[in-house]
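**Student:** I'd like to ask you about the structure that follows.
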Amino acid sequence: MKIRHTVVAIGTFAMALFASTGNAKDQQSATSEAVQCGIVSVNKPTPTTKDLYPAKVNTIDDDPVKSNSHTFFLPVGKHKIKVMENIHDDLFTRRRSGMLNYKIIEVDVKANTQYYLAAKFNRKQKTDLKSGGYWEPVVWKTMARECSN
């Protein structure tokens with residue numbers, strides 16, 4: 001059976017539409033697989049006692065996102081997410097000039113799973129501002145959550 005598909009982007013969520021000359025059961029199976037998604041989020045309070053601080057998503061797969069967005073419904077698969085750190089720590093002196101405050105993290109999104117992103121502060125490298133060694137983006141928590149956009 002041949003299945004043609006077209007990917008339609010809706011914000012940061014993509015849905016595959018299928019057309020087929022096969023039977024309805026095969027078409028239904030292909031469609032249910034195509035609309036599976038997972039969730040990436042930066043809106044959960046992070047445990048700063050574990051040096052995890054809030055992060056902000058700038059782009060997903062090189063596509064800009066709204067600056068006030070905190071939750072993203074993504075199709076299953078690998079996604080490159082540009083994350084900006086928001087580290088506030090009394091032992092950390094922030095010098096914006098030449099500071100690398102964004103990095104890319106790749107998340108392999110599974111169906112019906114929510115991923116929480118954060119900025120992990122590396123205290124031992126707190127003076128390594130230009131190369132960005134003072135932090136790294138991490139998935140600090142995952143949980144099962146049905147994906148419905």
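A note on labels: chains of the structure tokens are A, B, ... as shown, every chain counts residues from 1, and ligands are counted from 1 in their shown order.
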Which parts of range 95-148 of chain A does DSSP call strand (DSSP E or B) when run on the backbone here, written out as a list of chain:residue names?
**Tutor:**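 Selecting the strand (DSSP E or B) positions of range 95-148 of chain A gives A:Tyr102, A:Lys103, A:Ile104, A:Ile105, A:Glu106, A:Val107, A:Asp108, A:Val109, A:Thr113, A:Gln114, A:Tyr115, A:Tyr116, A:Leu117, A:Ala118, A:Ala119, A:Lys120, A:Phe121, A:Trp135, A:Glu136, A:Pro137, A:Val138, A:Val139, A:Trp140, A:Lys141, A:Thr142, A:Met143, A:Ala144.
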**Student:** Identify which of the residues A:Asn43, A:Val76, A:Tyr134, A:Lys82 lies closest to Asn58 in chain A, counting only C-alpha atoms when measuring atom-to-atom distances.
**Tutor:**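 Selected residue with least distance to Asn58 in chain A: A:Lys82.
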**Student:** Got a sec: who's within 6 Å of range 71-73 of chain A, counting only C-alpha atoms, leaving out chain neighbours fewer than 5 positions off, as a PyMOL selection string?
**Tutor:** chain A and resi 13+38-41
**Student:** Dump N, CA and C atoms for the selected residues as a CSV table (one decimal), in the first residue's frame?
**Tutor:**
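Saved to out-v2.csv:
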```csv
chain,number,residue,atom,x,y,z
A,13,PHE,N,4.2,22.9,16.3
A,13,PHE,CA,3.7,21.5,16.2
A,13,PHE,C,3.5,21.2,14.8
A,38,GLY,N,5.0,14.9,21.9
A,38,GLY,CA,5.5,15.0,23.2
A,38,GLY,C,5.5,16.5,23.6
A,39,ILE,N,5.9,16.8,24.8
A,39,ILE,CA,5.8,18.1,25.3
A,39,ILE,C,7.1,18.5,25.9
A,40,VAL,N,7.6,19.7,25.5
A,40,VAL,CA,8.8,20.3,26.1
A,40,VAL,C,8.4,21.5,26.9
A,41,SER,N,8.8,21.7,28.1
A,41,SER,CA,8.4,22.8,28.9
A,41,SER,C,9.5,23.4,29.7
```
**Student:** Write out as a count of residues only which residues come within 10 Å of His79 in chain A when counting only C-alpha atoms, dropping same-chain ones fewer than 5 positions away.
**Tutor:** 10
**Student:** Looking at only C-alpha atoms, which of A:Ser148, A:Ala111, A:Lys80, A:Pro137 is the one that sits closest to Lys56 in chain A?
**Tutor:**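 Checking each of A:Ser148, A:Ala111, A:Lys80, A:Pro137 against Lys56 in chain A, counting only C-alpha atoms, the winner is A:Pro137.
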**Student:** Rounded to one decimal, what separation in Å do you get between CA of Gln114 in chain A and CA of Cys37 in chain A?
**Tutor:** 9.6 Å
**Student:** Would you list the contacts of Val138 in chain A as a tab-separated table (two decimals) with N, CA, C and O atoms, in the first residue's frame, taking every protein, DNA or RNA residue within 9 Å and counting only C-alpha atoms, but skipping same-chain residues closer than 2 positions in sequence?
**Tutor:**
```
chain	number	residue	atom	x	y	z
A	52	LEU	N	19.91	24.00	39.53
A	52	LEU	CA	19.08	24.04	38.34
A	52	LEU	C	18.27	25.33	38.36
A	52	LEU	O	17.56	25.62	39.33
A	105	ILE	N	20.38	22.16	22.90
A	105	ILE	CA	20.21	20.82	23.47
A	105	ILE	C	19.35	20.03	22.49
A	105	ILE	O	18.41	20.57	21.91
A	116	TYR	N	11.07	18.54	30.99
A	116	TYR	CA	11.29	19.83	31.63
A	116	TYR	C	12.75	20.23	31.45
A	116	TYR	O	13.65	19.48	31.83
A	117	LEU	N	12.97	21.41	30.87
A	117	LEU	CA	14.32	21.91	30.62
A	117	LEU	C	14.72	22.90	31.70
A	117	LEU	O	13.87	23.63	32.24
A	118	ALA	N	16.02	22.96	31.98
A	118	ALA	CA	16.56	23.92	32.94
A	118	ALA	C	17.99	24.25	32.55
A	118	ALA	O	18.59	23.59	31.69
A	119	ALA	N	18.53	25.27	33.19
A	119	ALA	CA	19.93	25.64	33.04
A	119	ALA	C	20.68	25.12	34.26
A	119	ALA	O	20.39	25.51	35.39
A	120	LYS	N	21.62	24.21	34.04
A	120	LYS	CA	22.42	23.63	35.12
A	120	LYS	C	23.65	24.51	35.32
A	120	LYS	O	24.48	24.67	34.43
A	136	GLU	N	25.01	24.53	31.47
A	136	GLU	CA	24.61	23.65	30.37
A	136	GLU	C	23.10	23.42	30.43
A	136	GLU	O	22.52	23.37	31.51
A	140	TRP	N	15.80	18.01	33.18
A	140	TRP	CA	15.94	17.66	34.59
A	140	TRP	C	14.80	16.79	35.11
A	140	TRP	O	14.89	16.20	36.18
A	141	LYS	N	13.75	16.70	34.32
A	141	LYS	CA	12.62	15.88	34.76
A	141	LYS	C	11.81	15.45	33.54
A	141	LYS	O	11.66	16.22	32.59
```
